[in-house]
Amino acid sequence: MSTATEDKHSAALDAAESGATQHVTFRLRIRRFNPEQAAEPVWVDYELSMDPKEKLLDALHKVKWEIDGTLTFRRSCAHGICGSDAMRINGKNRLACKTLIKDVLGKPKNGVYKPITVEPIKGLTVLKDLVVDMDPFFQAFRDVMPFLVAKGNEPTRERKQSIEDRARFDDTTKCILCAACTSSCPVFWNDGQYFGPAAIVNAHRFIFDSRDDAGEQRLEILNEKDGVWRCRTTFNCTDACPRGIQVTQAIQEVKRALITRRI
Ligand code: SF4
Ligand code: FES
């Protein structure tokens, strides 16, 4: 027999499914860090009452705009495009703007929900609250030359490509550089020198582009000690990618190209 609390919970979720608005009360437990005030981060709980169909990003905005304006996090588009709000939500890398509260709320026990935890992505230095230093991440991205390199004279017409050739790197064009993959990688946690999945994904995007002439150069860069051979195929990166990119497969394809020397 269900309890009154469970009935209320299920009513809230039914309302969420049907499109009607019904608020639930829950706690957002955020790992706060201000290097000007303390050497160590602290967990702080915020009680919120919100429609569970809203996004986790809306919950963060509610805290920032209505409770504590010092809460610091990055976001821009709020629609899964800019890649700026990757964070660990309930221990898993996600985009706050692509995460609905109802999907991370769980079920209440005795009328109380477990807090939703929010913390910065791992492996990069935390600057403040949920903001990490992205410089090493973008340096690795720059190092793989993420742009088309075409030799010879400038063409007078467009560079044509067959549908099959375009399909070879279609998946890796979807990357939004959110760092969810790289910051979920245990190799990267232990050694930030590793290029990381995102840089390899973006190298893949050009290595397998039939119009590009720098594939060999990129392969050599990734053949170095901090390159693809550090990957331990744990699949964390693929699980973390909010764009559904087959990250591990892309890394495997780059490894295979290095072994066969065939692009
Ligand atoms: S591959 Fe996916 S998880 Fe990694 S940076 Fe690109 S979009 Fe983000
Ligand atoms: S705010 Fe742009 S991806 Fe989430």
# chains A, B, ... in the order shown; residues from 1 in each chain; ligands from 1
call {"tool": "residues_near_ligand", "arguments": {"ligand": "ligand 2", "cutoff": "12 Å", "atoms": "only C-alpha atoms and all ligand atoms", "output": "PyMOL selection string"}}
result
chain A and resi 55-58+60-61+73-87+94-99+175-180+241-243
call {"tool": "write_last_selection", "arguments": {"atoms": "C-alpha atoms", "output": "CSV table (one decimal), in the first residue's frame"}}
result
chain,number,residue,atom,x,y,z
A,55,LYS,CA,16.0,22.5,-15.5
A,56,LEU,CA,18.8,22.1,-13.0
A,57,LEU,CA,20.1,25.4,-14.5
A,58,ASP,CA,16.9,27.0,-13.4
A,60,LEU,CA,21.0,27.3,-9.9
A,61,HIS,CA,19.5,30.6,-11.2
A,73,PHE,CA,28.9,29.1,-12.4
A,74,ARG,CA,29.2,29.4,-16.2
A,75,ARG,CA,26.3,29.2,-18.6
A,76,SER,CA,25.2,31.0,-21.8
A,77,CYS,CA,22.8,29.5,-24.2
A,78,ALA,CA,20.7,27.4,-21.8
A,79,HIS,CA,19.9,25.0,-24.7
A,80,GLY,CA,22.8,22.5,-24.8
A,81,ILE,CA,24.7,24.4,-27.5
A,82,CYS,CA,27.5,26.5,-26.0
A,83,GLY,CA,28.9,23.8,-23.7
A,84,SER,CA,29.6,26.1,-20.8
A,85,ASP,CA,27.6,24.5,-18.0
A,86,ALA,CA,29.1,21.0,-17.7
A,87,MET,CA,29.1,20.0,-14.0
A,94,ARG,CA,25.9,16.5,-17.3
A,95,LEU,CA,24.9,19.9,-18.7
A,96,ALA,CA,22.8,21.7,-16.2
A,97,CYS,CA,20.7,23.2,-19.0
A,98,LYS,CA,19.9,19.7,-20.4
A,99,THR,CA,19.1,18.1,-17.0
A,175,CYS,CA,31.2,18.4,-30.2
A,176,ILE,CA,30.4,21.5,-28.3
A,177,LEU,CA,33.6,21.5,-26.2
A,178,CYS,CA,31.8,21.1,-22.9
A,179,ALA,CA,34.7,19.0,-21.4
A,180,ALA,CA,32.2,16.5,-19.9
A,241,CYS,CA,28.9,13.1,-23.7
A,242,PRO,CA,25.7,15.2,-23.8
A,243,ARG,CA,25.8,15.1,-27.6
call {"tool": "residues_around", "arguments": {"residues": "Thr117 (chain A)", "least_positions_apart": "2", "cutoff": "8 Å", "atoms": "only C-alpha atoms", "output": "list in words"}}
result
Leu28, Arg29, Ile30, Arg31, Arg88, Ile89, Asn90, Gly91, Pro115 and Glu119 of chain A
call {"tool": "write_last_selection", "arguments": {"atoms": "C-alpha atoms", "output": "PDB file, in the first residue's frame"}}
result
ATOM      1  CA  LEU A  28      20.234  21.520  -3.855  1.00  0.00           C
ATOM      2  CA  ARG A  29      23.556  20.628  -2.226  1.00  0.00           C
ATOM      3  CA  ILE A  30      26.259  22.691  -3.929  1.00  0.00           C
ATOM      4  CA  ARG A  31      30.005  22.366  -3.401  1.00  0.00           C
ATOM      5  CA  ARG A  88      28.800  16.942 -11.800  1.00  0.00           C
ATOM      6  CA  ILE A  89      25.166  16.461 -10.887  1.00  0.00           C
ATOM      7  CA  ASN A  90      24.564  13.600  -8.457  1.00  0.00           C
ATOM      8  CA  GLY A  91      28.124  12.480  -9.229  1.00  0.00           C
ATOM      9  CA  PRO A 115      19.543  16.406  -1.885  1.00  0.00           C
ATOM     10  CA  GLU A 119      29.903  20.095  -7.937  1.00  0.00           C
TER      11      GLU A 119
END
call {"tool": "residues_around", "arguments": {"residues": "Glu47 (chain A)", "least_positions_apart": "5", "cutoff": "8 Å", "atoms": "only C-alpha atoms", "output": "number ranges by chain"}}
result
A: 25-28
call {"tool": "write_last_selection", "arguments": {"atoms": "N, CA and C atoms", "output": "JSON list (two decimals), in the first residue's frame"}}
result
[["chain", "number", "residue", "atom", "x", "y", "z"],
["A", 25, "THR", "N", 9.35, 20.38, -3.10],
["A", 25, "THR", "CA", 10.39, 21.01, -2.29],
["A", 25, "THR", "C", 11.55, 20.04, -2.15],
["A", 26, "PHE", "N", 12.73, 20.53, -2.43],
["A", 26, "PHE", "CA", 13.93, 19.68, -2.37],
["A", 26, "PHE", "C", 15.13, 20.56, -2.03],
["A", 27, "ARG", "N", 16.24, 19.87, -1.74],
["A", 27, "ARG", "CA", 17.47, 20.62, -1.45],
["A", 27, "ARG", "C", 18.49, 20.45, -2.58],
["A", 28, "LEU", "N", 19.12, 21.56, -2.91],
["A", 28, "LEU", "CA", 20.23, 21.52, -3.86],
["A", 28, "LEU", "C", 21.49, 21.63, -2.99]]
call {"tool": "residues_around", "arguments": {"residues": "Val149 (chain A)", "least_positions_apart": "2", "cutoff": "9 Å", "atoms": "only C-alpha atoms", "output": "list of chain:residue names"}}
result
A:Met145, A:Phe147, A:Lys151, A:Phe206, A:Arg211, A:Asp212, A:Asp213, A:Ala214, A:Gly215
call {"tool": "select_by_dssp", "arguments": {"residues": "region 66-204 of chain A", "states": "strand (DSSP E or B)", "output": "list in words"}}
result
Ala86, Met87, Arg88, Ile89, Lys92, Asn93, Arg94, Leu95, Leu100, Lys109, Val112, Ile116, Thr117, Val118, Glu119, Val126, Leu127, Lys128, Val131 and Val132 of chain A
call {"tool": "write_last_selection", "arguments": {"atoms": "C-alpha atoms", "output": "mmCIF file, in the first residue's frame"}}
result
data_model
loop_
_atom_site.group_PDB
_atom_site.id
_atom_site.type_symbol
_atom_site.label_atom_id
_atom_site.label_comp_id
_atom_site.auth_asym_id
_atom_site.auth_seq_id
_atom_site.Cartn_x
_atom_site.Cartn_y
_atom_site.Cartn_z
ATOM 1 C CA ALA A 86 29.060 21.017 -17.662
ATOM 2 C CA MET A 87 29.098 20.032 -13.989
ATOM 3 C CA ARG A 88 28.800 16.942 -11.800
ATOM 4 C CA ILE A 89 25.166 16.461 -10.887
ATOM 5 C CA LYS A 92 27.674 12.345 -13.003
ATOM 6 C CA ASN A 93 28.883 14.806 -15.615
ATOM 7 C CA ARG A 94 25.943 16.545 -17.251
ATOM 8 C CA LEU A 95 24.940 19.892 -18.721
ATOM 9 C CA LEU A 100 15.508 18.237 -15.710
ATOM 10 C CA LYS A 109 11.711 8.880 1.914
ATOM 11 C CA VAL A 112 12.000 14.109 2.141
ATOM 12 C CA ILE A 116 20.626 16.834 -5.499
ATOM 13 C CA THR A 117 24.389 17.314 -5.380
ATOM 14 C CA VAL A 118 26.130 19.745 -7.702
ATOM 15 C CA GLU A 119 29.903 20.095 -7.937
ATOM 16 C CA VAL A 126 38.498 24.972 -9.396
ATOM 17 C CA LEU A 127 38.628 28.772 -9.527
ATOM 18 C CA LYS A 128 35.388 29.490 -7.689
ATOM 19 C CA VAL A 131 33.900 27.418 -12.328
ATOM 20 C CA VAL A 132 37.059 25.542 -13.298
#
call {"tool": "residues_around", "arguments": {"residues": "Pro197 (chain A)", "least_positions_apart": "5", "cutoff": "8 Å", "atoms": "only C-alpha atoms", "output": "list of chain:residue names"}}
result
A:Cys181, A:Thr182, A:Cys185, A:Cys237, A:Val247, A:Thr248, A:Ile251
call {"tool": "atom_distance", "arguments": {"atom1": "CA of Pro186 (chain A)", "atom2": "CA of Glu253 (chain A)"}}
result
20.4 Å
call {"tool": "closest_residue", "arguments": {"among": "A:Ile259, A:Ile207, A:Leu219, A:Ala199", "to": "ligand 1", "atoms": "only C-alpha atoms and all ligand atoms"}}
result
A:Ala199
call {"tool": "residues_around", "arguments": {"residues": "Leu222 (chain A)", "least_positions_apart": "5", "cutoff": "9 Å", "atoms": "only C-alpha atoms", "output": "JSON, numbers by chain"}}
result
{"A": [144, 195, 200, 203, 217, 227, 228, 229, 254, 255, 258]}
call {"tool": "atom_distance", "arguments": {"atom1": "CA of Lys114 (chain A)", "atom2": "CA of Trp43 (chain A)"}}
result
14.2 Å
call {"tool": "residues_around", "arguments": {"residues": "Trp189 (chain A)", "least_positions_apart": "4", "cutoff": "8 Å", "atoms": "only C-alpha atoms", "output": "count of residues only"}}
result
5
call {"tool": "select_by_dssp", "arguments": {"residues": "region 5-233 of chain A", "states": "alpha helix (DSSP H)", "output": "JSON, numbers by chain"}}
result
{"A": [5, 6, 7, 8, 9, 10, 11, 12, 13, 14, 15, 16, 17, 18, 56, 57, 58, 59, 60, 61, 62, 101, 102, 103, 104, 135, 136, 137, 138, 139, 140, 141, 142, 143, 163, 164, 165, 166, 167, 186, 187, 188, 189, 190, 197, 198, 199, 200, 201, 202, 203, 204, 205, 206, 207, 215, 216, 217, 218, 219, 220, 221, 222]}
call {"tool": "atom_distance", "arguments": {"atom1": "CA of Pro155 (chain A)", "atom2": "CA of Asp209 (chain A)"}}
result
16.8 Å
